[in-house]
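> Take a look at coords.pdb, PDB, C-alpha atoms and all ligand atoms:
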```
ATOM      1  CA  MET A   1       2.178  -9.091  14.465
ATOM      2  CA  ALA A   2      -0.391 -11.604  13.308
ATOM      3  CA  GLU A   3      -1.093 -15.004  14.845
ATOM      4  CA  CYS A   4      -2.715 -18.066  13.279
ATOM      5  CA  THR A   5      -5.766 -19.166  15.245
ATOM      6  CA  ASP A   6      -5.351 -22.823  14.178
ATOM      7  CA  CYS A   7      -1.649 -23.649  14.580
ATOM      8  CA  GLY A   8      -0.589 -20.722  16.774
ATOM      9  CA  ARG A   9       2.245 -19.546  14.520
ATOM     10  CA  TYR A  10       3.300 -15.943  14.625
ATOM     11  CA  LEU A  11       3.355 -14.502  11.123
ATOM     12  CA  THR A  12       4.407 -11.245   9.569
ATOM     13  CA  PRO A  13       1.851  -9.627   7.208
ATOM     14  CA  THR A  14       4.111 -10.447   4.227
ATOM     15  CA  SER A  15       4.386 -14.149   5.124
ATOM     16  CA  VAL A  16       0.603 -14.616   5.202
ATOM     17  CA  ASN A  17      -1.145 -15.859   2.058
ATOM     18  CA  PRO A  18      -2.620 -13.140  -0.196
ATOM     19  CA  ASP A  19      -6.128 -14.101   0.903
ATOM     20  CA  GLY A  20      -5.197 -13.611   4.562
ATOM     21  CA  THR A  21      -4.819 -17.275   5.531
ATOM     22  CA  CYS A  22      -1.935 -19.137   7.187
ATOM     23  CA  PRO A  23       0.680 -20.481   4.718
ATOM     24  CA  ALA A  24       1.335 -23.519   6.957
ATOM     25  CA  CYS A  25      -2.186 -24.793   7.722
ATOM     26  CA  GLY A  26      -4.506 -22.540   5.662
ATOM     27  CA  GLY A  27      -6.326 -21.376   8.783
ATOM     28  CA  GLU A  28      -7.556 -17.906   9.514
ATOM     29  CA  VAL A  29      -4.925 -15.474  10.779
ATOM     30  CA  ASP A  30      -5.776 -12.946  13.491
ATOM     31  CA  GLY A  31      -4.876  -9.321  13.012
ATOM     32  CA  VAL A  32      -3.558  -9.572   9.472
ATOM     33  CA  ARG A  33      -6.398  -7.712   7.795
ATOM     34  CA  SER A  34      -5.950  -4.589   9.901
ATOM     35  CA  ALA A  35      -2.169  -4.849   9.475
ATOM     36  CA  GLN A  36      -2.469  -5.088   5.689
ATOM     37  CA  ALA A  37      -5.083  -2.366   5.346
ATOM     38  CA  ILE A  38      -3.647   0.791   3.840
ATOM     39  CA  PRO A  39      -4.268   3.780   6.142
ATOM     40  CA  TRP A  40      -6.395   6.637   4.780
ATOM     41  CA  HIS A  41      -3.622   9.210   5.187
ATOM     42  CA  PHE A  42      -1.517   7.215   2.716
ATOM     43  CA  TRP A  43      -4.065   7.942  -0.016
ATOM     44  CA  VAL A  44      -4.245  11.613   1.004
ATOM     45  CA  LEU A  45      -0.461  11.854   0.755
ATOM     46  CA  LEU A  46      -0.408   9.920  -2.529
ATOM     47  CA  SER A  47      -3.062  12.123  -4.142
ATOM     48  CA  ALA A  48      -1.198  15.233  -2.933
ATOM     49  CA  VAL A  49       2.050  13.972  -4.463
ATOM     50  CA  VAL A  50       0.303  13.054  -7.728
ATOM     51  CA  ALA A  51      -1.390  16.484  -7.879
ATOM     52  CA  TYR A  52       1.927  18.233  -7.184
ATOM     53  CA  LEU A  53       3.843  16.191  -9.780
ATOM     54  CA  GLY A  54       1.031  16.693 -12.298
ATOM     55  CA  TRP A  55       1.235  20.450 -11.748
ATOM     56  CA  ARG A  56       5.025  20.367 -12.165
ATOM     57  CA  VAL A  57       4.620  18.411 -15.431
ATOM     58  CA  ILE A  58       2.143  21.028 -16.686
ATOM     59  CA  GLN A  59       4.572  23.784 -15.663
ATOM     60  CA  GLY A  60       7.472  21.934 -17.305
ATOM     61  CA  VAL A  61       5.582  21.472 -20.582
ATOM     62  CA  GLY A  62       4.547  25.124 -20.549
ATOM     63  CA  TRP A  63       8.157  26.175 -19.933
ATOM     64  CA  ALA A  64       9.462  23.886 -22.693
ATOM     65  CA  VAL A  65       6.840  25.092 -25.190
ATOM     66  CA  SER A  66       7.485  28.776 -24.367
ATOM     67  CA  GLY A  67      11.228  28.165 -24.768
ATOM     68  CA  LEU A  68      10.820  26.542 -28.174
ATOM     69  CA  PHE A  69       8.753  29.280 -29.755
TER      70      PHE A  69
HETATM   71 ZN    ZN G   1      -1.674 -21.935  10.777
END
```
Take the structure I supplied and represent it as structure tokens, if you would.
Ligand SMILES: [Zn+2]

Amino acid sequence: MAECTDCGRYLTPTSVNPDGTCPACGGEVDGVRSAQAIPWHFWVLLSAVVAYLGWRVIQGVGWAVSGLF
């Protein structure tokens, strides 16, 4: 949960402006940057999924080509 330092509103990360400021008063919002930061293990998982799907595509193309000829 993020809190605006100027007007004291509690804000969810999605209700904060894209630049990390309060939508009501434009002040700086505490805690939103860490809440919006994407954790490193997300990128590890994403690259693993992309590598796996890429390998399956290569396998699928190879299977399709070998089936055609
Ligand atoms: Zn505010």
> Here's the selection I'm unsure about, the PyMOL selection byres (((not hetatm)) within 8 of (chain G and resi 1)); applied to the file above, which residues does it give, as number ranges by chain?
A: 4-9, 21-29
> Edge lengths and centre in Å to one decimal, as lines of an AutoDock Vina configuration file, of the axis-aligned box that encloses all listed atoms of range 46-56 of chain A with 6 Å added on every side?

```
center_x = 1.0
center_y = 15.2
center_z = -7.4
size_x = 20.1
size_y = 22.5
size_z = 21.8
```
> Could you tell me how far CA of Asn17 in chain A lies from CA of Trp40 in chain A, in Å and to one decimal?
23.3 Å
> Just the number, please: distance in Å from CA of Asp19 in chain A to CA of Ala37 in chain A, one decimal.
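Result for CA of Asp19 in chain A versus CA of Ala37 in chain A: 12.6 Å, one decimal.
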> CA of Glu3 in chain A to CA of Asp30 in chain A: how many Å, to one decimal?
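Computing the Euclidean distance for CA of Glu3 in chain A and CA of Asp30 in chain A yields 5.3 Å.
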> Translate the PyMOL selection byres (((chain A and resi 1) around 7) and not hetatm) into a concrete residue list for this structure, as a list in words.
Ala2, Glu3, Tyr10, Leu11 and Thr12 of chain A
